[in-house]
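Content type mmCIF, C-alpha atoms, from the file my_file_33.cif:
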data_input
loop_
_atom_site.label_atom_id
_atom_site.label_comp_id
_atom_site.auth_asym_id
_atom_site.auth_seq_id
_atom_site.Cartn_x
_atom_site.Cartn_y
_atom_site.Cartn_z
CA MET A 22 5.08 -3.32 30.17
CA PRO A 23 5.23 -6.90 31.47
CA LEU A 24 7.82 -9.15 29.85
CA GLU A 25 5.18 -11.71 28.80
CA LEU A 26 3.21 -9.06 26.92
CA THR A 27 6.36 -7.75 25.23
CA VAL A 28 7.34 -11.24 24.09
CA ALA A 29 3.81 -11.95 22.87
CA LEU A 30 3.73 -8.70 20.87
CA ILE A 31 7.15 -9.41 19.35
CA VAL A 32 5.95 -12.88 18.29
CA ILE A 33 2.77 -11.40 16.80
CA SER A 34 4.84 -8.78 14.95
CA ALA A 35 7.13 -11.51 13.61
CA ILE A 36 4.10 -13.48 12.36
CA TYR A 37 2.81 -10.26 10.77
CA LEU A 38 6.11 -9.85 8.89
CA ILE A 39 6.10 -13.51 7.83
CA LEU A 40 2.59 -13.09 6.40
CA ILE A 41 3.69 -10.01 4.46
CA PHE A 42 6.74 -11.79 3.01
CA ARG A 43 4.61 -14.81 2.14
CA ALA A 44 2.10 -12.58 0.33
CA ILE A 45 4.95 -11.01 -1.65
CA LYS A 46 6.40 -14.41 -2.50
CA LYS A 47 3.04 -15.73 -3.73
CA GLY A 48 2.52 -12.61 -5.83
CA LYS A 49 -0.51 -11.40 -3.88
CA MET A 50 1.19 -8.12 -3.02
CA GLN A 51 3.63 -5.99 -4.97
CA ILE A 52 6.88 -5.07 -3.30
CA SER A 53 6.26 -1.35 -3.84
CA PHE A 54 2.99 -1.58 -1.90
CA SER A 55 4.42 -3.74 0.85
CA ILE A 56 7.34 -1.51 1.82
CA PHE A 57 5.18 0.47 4.24
CA TRP A 58 3.87 -2.69 5.91
CA ILE A 59 7.37 -4.16 6.25
CA LEU A 60 8.71 -0.93 7.75
CA SER A 61 5.79 -0.73 10.17
CA GLY A 62 6.43 -4.31 11.30
CA PHE A 63 10.12 -3.69 11.92
CA GLY A 64 9.30 -0.35 13.60
CA LEU A 65 6.91 -2.10 15.95
CA ILE A 66 9.52 -4.71 16.86
CA ILE A 67 12.13 -1.99 17.51
CA ALA A 68 9.65 -0.05 19.66
CA LEU A 69 8.95 -3.21 21.65
CA ILE A 70 12.64 -4.04 22.13
CA ILE A 71 13.49 -0.45 23.17
CA PRO A 72 10.43 0.60 25.24
CA ASP A 73 11.70 4.08 26.18
CA LEU A 74 12.32 5.00 22.54
CA ILE A 75 8.79 6.28 21.92
CA SER A 76 8.84 8.36 25.13
CA LYS A 77 12.19 9.93 24.25
CA ILE A 78 11.14 10.74 20.69
CA SER A 79 7.86 12.26 21.87
CA LYS A 80 9.70 14.47 24.38
CA ILE A 81 12.15 15.61 21.69
CA LEU A 82 9.28 16.49 19.34
CA GLY A 83 7.44 18.34 22.10
CA PHE A 84 4.50 16.02 22.72
CA SER A 85 3.32 15.93 26.32
CA VAL A 86 2.16 12.30 26.14
CA PRO A 87 3.68 9.56 23.94
CA SER A 88 0.22 8.34 22.93
CA ASN A 89 -0.51 11.79 21.40
CA MET A 90 2.59 11.43 19.25
CA MET A 91 1.55 7.94 18.17
CA PHE A 92 -1.92 9.16 17.17
CA CYS A 93 -0.43 12.08 15.28
CA VAL A 94 2.08 9.88 13.45
CA THR A 95 -0.60 7.31 12.66
CA ILE A 96 -2.94 9.94 11.22
CA PHE A 97 -0.10 11.44 9.17
CA ILE A 98 0.84 8.01 7.77
CA ALA A 99 -2.82 7.30 6.97
CA PHE A 100 -3.02 10.56 5.02
CA LEU A 101 0.16 9.65 3.12
CA LEU A 102 -1.23 6.23 2.24
CA ILE A 103 -4.55 7.70 1.11
CA PHE A 104 -2.73 10.28 -1.01
CA ASP A 105 -0.48 7.64 -2.58
CA LEU A 106 -3.44 5.38 -3.36
CA THR A 107 -5.36 8.34 -4.83
CA VAL A 108 -2.45 9.13 -7.16
CA LYS A 109 -2.23 5.49 -8.24
CA LEU A 110 -6.00 5.31 -8.75
CA SER A 111 -5.89 8.43 -10.92
CA LYS A 112 -3.14 6.94 -13.07
CA GLU A 113 -5.08 3.70 -13.50
CA SER A 114 -8.24 5.63 -14.36
CA LYS A 115 -6.39 7.50 -17.11
CA ARG A 116 -4.97 4.22 -18.40
CA ASN A 117 -8.47 2.70 -18.48
CA ILE A 118 -9.82 5.65 -20.46
CA SER A 119 -6.94 5.35 -22.91
CA LEU A 120 -7.51 1.60 -23.29
CA VAL A 121 -11.24 2.05 -23.88
CA GLN A 122 -10.53 4.66 -26.54
CA GLU A 123 -7.95 2.43 -28.21
CA ILE A 124 -10.31 -0.56 -28.19
CA SER A 125 -13.11 1.57 -29.65
CA LEU A 126 -10.86 2.74 -32.47
CA LEU A 127 -9.74 -0.82 -33.20
CA LYS A 128 -13.33 -2.08 -33.10
CA ASN A 129 -14.40 0.67 -35.51
CA ARG A 130 -11.52 -0.22 -37.85
CA VAL A 131 -12.41 -3.94 -37.76
CA GLU A 132 -16.05 -3.15 -38.53
CA LYS A 133 -15.02 -0.98 -41.50
CA LEU A 134 -12.77 -3.74 -42.82
CA GLU A 135 -15.52 -6.34 -42.42
CA ASN A 136 -18.04 -4.09 -44.16
CA GLY A 137 -15.56 -3.44 -46.99
CA GLU A 138 -15.11 -7.18 -47.57
CA LYS A 139 -18.89 -7.76 -47.57
CA ASN A 140 -19.41 -4.97 -50.10
CA GLU A 141 -16.76 -6.45 -52.41
CA LYS A 142 -18.48 -9.86 -52.35
CA VAL A 143 -21.87 -8.42 -53.31
#

Now that the file is in, can you turn its structure into structure tokens?
Amino acid sequence: MPLELTVALIVISAIYLILIFRAIKKGKMQISFSIFWILSGFGLIIALIIPDLISKISKILGFSVPSNMMFCVTIFIAFLLIFDLTVKLSKESKRNISLVQEISLLKNRVEKLENGEKNEKV
């Protein structure tokens, strides 16, 4: 890979990391959600600094072409992210159901109390 392209990709990766840290600092992203994005940014920088690293790892794992390994790893990570988000969505859905039930009970109780006061006045 040409040196200019490597330098440009490292700069872009550094900007990517800066944007992630800025989003965390401004409270737009939780740290627990951003760990993957931070690790991917640092992983990209390491892969750019050590260009033969991906080739060596793919040979060790038995992939014939490094791009096949990258596709496989990317798909695996995408599945992990989808699974993690599905678990979090399920938890939030249960919390929403619980909150709706609690609000309904409180609303019912308030209505009973209001009706009891009206009946006492009459």

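With only C-alpha atoms as the atoms that count, the residue of A:Ile118, A:Ile103, A:Ile59, A:Ile96 with the shortest distance to Tyr37 (chain A) is A:Ile59.
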
Under the PyMOL selection byres ((chain A and resi 61-74) around 9), which residues of this model are included? Write them out as a PyMOL selection string. chain A and resi 22+27-28+30-31+34-35+37-38+56-60+75-79

Which distance in Å separates CA of Ile36 (chain A) and CA of Lys49 (chain A), to one decimal?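 Answer for the CA of Ile36 (chain A) to CA of Lys49 (chain A) separation: 17.0 Å.
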
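The gap separating CA of Phe104 (chain A) from CA of Ser55 (chain A) is 15.8 Å, in Å to one decimal.
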